[in-house]
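K.L.:
Sharing input_20.cif here; it has mmCIF, N, CA and C atoms.
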```cif
data_structure
loop_
_atom_site.label_atom_id
_atom_site.label_comp_id
_atom_site.auth_asym_id
_atom_site.auth_seq_id
_atom_site.Cartn_x
_atom_site.Cartn_y
_atom_site.Cartn_z
N MET A 1 -10.41 -0.15 -5.85
CA MET A 1 -9.02 -0.27 -6.21
C MET A 1 -8.62 -1.73 -6.34
N MET A 2 -9.08 -2.53 -5.39
CA MET A 2 -8.69 -3.94 -5.41
C MET A 2 -9.27 -4.66 -6.63
N LEU A 3 -10.45 -4.25 -7.07
CA LEU A 3 -11.02 -4.85 -8.28
C LEU A 3 -10.16 -4.51 -9.50
N SER A 4 -9.68 -3.27 -9.54
CA SER A 4 -8.81 -2.86 -10.64
C SER A 4 -7.49 -3.63 -10.60
N PHE A 5 -6.93 -3.79 -9.40
CA PHE A 5 -5.71 -4.59 -9.27
C PHE A 5 -5.94 -6.01 -9.77
N ARG A 6 -7.08 -6.59 -9.40
CA ARG A 6 -7.36 -7.97 -9.80
C ARG A 6 -7.45 -8.10 -11.32
N GLN A 7 -8.04 -7.11 -11.96
CA GLN A 7 -8.12 -7.14 -13.43
C GLN A 7 -6.74 -6.99 -14.06
N PHE A 8 -5.91 -6.14 -13.47
CA PHE A 8 -4.60 -5.85 -14.03
C PHE A 8 -3.56 -6.92 -13.67
N VAL A 9 -3.50 -7.28 -12.40
CA VAL A 9 -2.48 -8.21 -11.91
C VAL A 9 -2.88 -9.66 -12.15
N GLY A 10 -4.18 -9.95 -12.04
CA GLY A 10 -4.65 -11.32 -12.17
C GLY A 10 -4.70 -12.00 -10.82
N MET A 11 -5.12 -13.23 -10.80
CA MET A 11 -5.21 -14.00 -9.56
C MET A 11 -3.91 -14.77 -9.38
N ASN A 12 -3.00 -14.21 -8.61
CA ASN A 12 -1.70 -14.84 -8.40
C ASN A 12 -1.17 -14.46 -7.02
N ASP A 13 0.09 -14.77 -6.75
CA ASP A 13 0.68 -14.48 -5.45
C ASP A 13 0.72 -12.99 -5.15
N MET A 14 0.97 -12.17 -6.15
CA MET A 14 1.01 -10.72 -5.94
C MET A 14 -0.36 -10.20 -5.51
N MET A 15 -1.41 -10.70 -6.12
CA MET A 15 -2.76 -10.28 -5.75
C MET A 15 -3.07 -10.71 -4.32
N ALA A 16 -2.66 -11.89 -3.94
CA ALA A 16 -2.86 -12.35 -2.57
C ALA A 16 -2.13 -11.45 -1.58
N TYR A 17 -0.91 -11.07 -1.92
CA TYR A 17 -0.12 -10.18 -1.07
C TYR A 17 -0.78 -8.81 -0.95
N LEU A 18 -1.24 -8.24 -2.06
CA LEU A 18 -1.88 -6.94 -2.03
C LEU A 18 -3.18 -6.96 -1.23
N THR A 19 -3.92 -8.05 -1.33
CA THR A 19 -5.15 -8.19 -0.56
C THR A 19 -4.83 -8.23 0.94
N MET A 20 -3.82 -9.01 1.31
CA MET A 20 -3.39 -9.10 2.70
C MET A 20 -2.96 -7.72 3.21
N MET A 21 -2.17 -7.01 2.42
CA MET A 21 -1.68 -5.69 2.82
C MET A 21 -2.81 -4.67 2.90
N CYS A 22 -3.77 -4.75 2.03
CA CYS A 22 -4.89 -3.81 2.02
C CYS A 22 -5.63 -3.87 3.35
N VAL A 23 -5.93 -5.06 3.82
CA VAL A 23 -6.64 -5.22 5.09
C VAL A 23 -5.83 -4.62 6.23
N ARG A 24 -4.54 -4.86 6.25
CA ARG A 24 -3.67 -4.35 7.31
C ARG A 24 -3.52 -2.83 7.25
N LEU A 25 -3.38 -2.29 6.05
CA LEU A 25 -3.24 -0.84 5.91
C LEU A 25 -4.52 -0.10 6.29
N ILE A 26 -5.65 -0.67 5.99
CA ILE A 26 -6.92 -0.07 6.41
C ILE A 26 -7.01 -0.03 7.92
N GLU A 27 -6.61 -1.10 8.58
CA GLU A 27 -6.62 -1.13 10.04
C GLU A 27 -5.60 -0.14 10.62
N LEU A 28 -4.43 -0.05 10.00
CA LEU A 28 -3.44 0.93 10.44
C LEU A 28 -3.97 2.35 10.31
N ARG A 29 -4.68 2.63 9.25
CA ARG A 29 -5.27 3.95 9.06
C ARG A 29 -6.27 4.25 10.16
N ARG A 30 -7.01 3.24 10.56
CA ARG A 30 -8.02 3.42 11.60
C ARG A 30 -7.39 3.81 12.94
N VAL A 31 -6.27 3.20 13.29
CA VAL A 31 -5.68 3.42 14.60
C VAL A 31 -4.59 4.50 14.61
N LEU A 32 -4.17 4.96 13.46
CA LEU A 32 -3.09 5.94 13.37
C LEU A 32 -3.61 7.35 13.70
N LYS A 33 -2.87 8.06 14.55
CA LYS A 33 -3.23 9.45 14.83
C LYS A 33 -3.04 10.29 13.57
N ASP A 34 -3.69 11.44 13.53
CA ASP A 34 -3.52 12.35 12.39
C ASP A 34 -2.07 12.81 12.24
N THR A 35 -1.33 12.81 13.34
CA THR A 35 0.07 13.23 13.31
C THR A 35 1.03 12.05 13.19
N GLY A 36 0.50 10.84 13.01
CA GLY A 36 1.32 9.63 12.95
C GLY A 36 2.00 9.46 11.60
N SER A 37 2.96 8.53 11.58
CA SER A 37 3.70 8.20 10.35
C SER A 37 3.75 6.69 10.17
N ILE A 38 3.86 6.28 8.93
CA ILE A 38 4.05 4.87 8.59
C ILE A 38 5.25 4.78 7.65
N TYR A 39 6.13 3.86 7.97
CA TYR A 39 7.25 3.53 7.09
C TYR A 39 7.02 2.11 6.61
N LEU A 40 6.84 1.94 5.33
CA LEU A 40 6.55 0.63 4.76
C LEU A 40 7.78 0.12 4.02
N HIS A 41 8.27 -1.01 4.45
CA HIS A 41 9.45 -1.62 3.81
C HIS A 41 8.98 -2.72 2.87
N CYS A 42 9.38 -2.65 1.62
CA CYS A 42 8.97 -3.67 0.65
C CYS A 42 10.04 -3.80 -0.43
N ASP A 43 9.91 -4.82 -1.24
CA ASP A 43 10.88 -4.99 -2.33
C ASP A 43 10.36 -4.31 -3.60
N PRO A 44 11.24 -4.13 -4.57
CA PRO A 44 10.87 -3.37 -5.78
C PRO A 44 9.75 -3.99 -6.62
N THR A 45 9.48 -5.26 -6.44
CA THR A 45 8.43 -5.89 -7.26
C THR A 45 7.03 -5.47 -6.82
N ALA A 46 6.89 -4.99 -5.58
CA ALA A 46 5.57 -4.61 -5.07
C ALA A 46 5.44 -3.14 -4.75
N SER A 47 6.54 -2.39 -4.76
CA SER A 47 6.51 -1.01 -4.27
C SER A 47 5.52 -0.13 -5.03
N HIS A 48 5.45 -0.26 -6.33
CA HIS A 48 4.56 0.60 -7.11
C HIS A 48 3.08 0.27 -6.83
N TYR A 49 2.77 -1.01 -6.64
CA TYR A 49 1.40 -1.39 -6.28
C TYR A 49 1.04 -0.87 -4.89
N LEU A 50 1.97 -1.00 -3.95
CA LEU A 50 1.72 -0.55 -2.59
C LEU A 50 1.59 0.97 -2.51
N LYS A 51 2.32 1.68 -3.34
CA LYS A 51 2.19 3.14 -3.38
C LYS A 51 0.78 3.53 -3.78
N ILE A 52 0.24 2.89 -4.78
CA ILE A 52 -1.14 3.17 -5.22
C ILE A 52 -2.12 2.80 -4.12
N LEU A 53 -1.91 1.66 -3.49
CA LEU A 53 -2.79 1.21 -2.42
C LEU A 53 -2.77 2.19 -1.24
N MET A 54 -1.58 2.62 -0.85
CA MET A 54 -1.47 3.57 0.26
C MET A 54 -2.05 4.94 -0.10
N ASP A 55 -1.87 5.38 -1.34
CA ASP A 55 -2.48 6.63 -1.78
C ASP A 55 -4.00 6.55 -1.69
N THR A 56 -4.56 5.41 -2.01
CA THR A 56 -6.00 5.21 -1.94
C THR A 56 -6.49 5.25 -0.50
N ILE A 57 -5.77 4.61 0.40
CA ILE A 57 -6.20 4.49 1.79
C ILE A 57 -5.89 5.76 2.59
N PHE A 58 -4.69 6.30 2.45
CA PHE A 58 -4.25 7.43 3.27
C PHE A 58 -4.41 8.78 2.57
N GLY A 59 -4.62 8.77 1.27
CA GLY A 59 -4.71 10.01 0.50
C GLY A 59 -3.35 10.36 -0.08
N LYS A 60 -3.32 10.66 -1.36
CA LYS A 60 -2.04 10.91 -2.02
C LYS A 60 -1.34 12.15 -1.50
N SER A 61 -2.08 13.08 -0.91
CA SER A 61 -1.45 14.29 -0.36
C SER A 61 -0.65 14.00 0.92
N ASN A 62 -0.85 12.83 1.51
CA ASN A 62 -0.12 12.47 2.73
C ASN A 62 1.23 11.80 2.45
N PHE A 63 1.53 11.50 1.21
CA PHE A 63 2.83 10.91 0.87
C PHE A 63 3.91 11.97 1.04
N ARG A 64 4.98 11.63 1.75
CA ARG A 64 6.06 12.58 1.99
C ARG A 64 7.30 12.29 1.17
N ASN A 65 7.76 11.05 1.17
CA ASN A 65 9.00 10.75 0.49
C ASN A 65 9.18 9.25 0.36
N GLU A 66 10.12 8.87 -0.47
CA GLU A 66 10.50 7.48 -0.65
C GLU A 66 11.97 7.34 -0.28
N ILE A 67 12.26 6.35 0.54
CA ILE A 67 13.63 6.08 0.95
C ILE A 67 14.08 4.84 0.21
N VAL A 68 15.16 4.96 -0.56
CA VAL A 68 15.71 3.81 -1.31
C VAL A 68 17.08 3.52 -0.74
N TRP A 69 17.33 2.27 -0.43
CA TRP A 69 18.65 1.90 0.08
C TRP A 69 19.19 0.72 -0.70
N HIS A 70 20.48 0.59 -0.69
CA HIS A 70 21.14 -0.48 -1.44
C HIS A 70 22.09 -1.22 -0.52
#
```
Re-express the file's structure as structure tokens.
P.N.:
Amino acid sequence: MMLSFRQFVGMNDMMAYLTMMCVRLIELRRVLKDTGSIYLHCDPTASHYLKILMDTIFGKSNFRNEIVWH
């Protein structure tokens, strides 16, 4: 997934952020119970990338909902 992001996004600040988040999300997956939950707060410029990343790590069937606030 990260190789695909790199080809699509390029080598920039967004790619650095996604790489940083990928490492953290993988570790969170490792320590999270099967009944656990994660709420990820992010801005609209990264939300779609993070959704794909989380679907890859946690499985797309584990996505429950998106909370949008203004």
K.L.:
Can you turn the PyMOL selection byres ((chain A and resi 49-53) around 8) into a concrete residue list for this file, as a list in words?
P.N.:
Met1, Met2, Leu18, Met21, Cys22, Leu25, Pro44, Thr45, Ala46, Ser47, His48, Met54, Asp55, Thr56, Ile57, Phe58 and Gly59 of chain A
K.L.:
Name the residues that the PyMOL selection byres (((chain A and resi 38 and name CA) around 10) and name CA) picks from the file above, as a list in words, using the file's chain letters and numbers.
P.N.:
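Those residues are Leu25, Leu28, Arg29, Leu32, Gly36, Ser37, Tyr39, Leu40, His41 and Phe63 of chain A.
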K.L.:
Which distance in Å separates atom CA of Cys42 of chain A and atom CA of Glu27 of chain A, to one decimal?
P.N.:
18.4 Å
K.L.:
I'd like the interatomic distance between atom C of Thr19 of chain A and atom CA of Leu3 of chain A, to a tenth of an Å.
P.N.:
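Between atom C of Thr19 of chain A and atom CA of Leu3 of chain A the gap works out to 11.6 Å.
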K.L.:
So how far away is atom C of Val31 of chain A from atom N of Ser4 of chain A, in Å?
P.N.:
25.9 Å
K.L.:
DSSP on the backbone: what in chain A comes out alpha helix (DSSP H), as JSON, numbers by chain?
P.N.:
{"A": [2, 3, 4, 5, 6, 7, 8, 9, 13, 14, 15, 16, 17, 18, 19, 20, 21, 22, 23, 24, 25, 26, 27, 28, 29, 30, 31, 47, 48, 49, 50, 51, 52, 53, 54, 55, 56, 57, 58]}
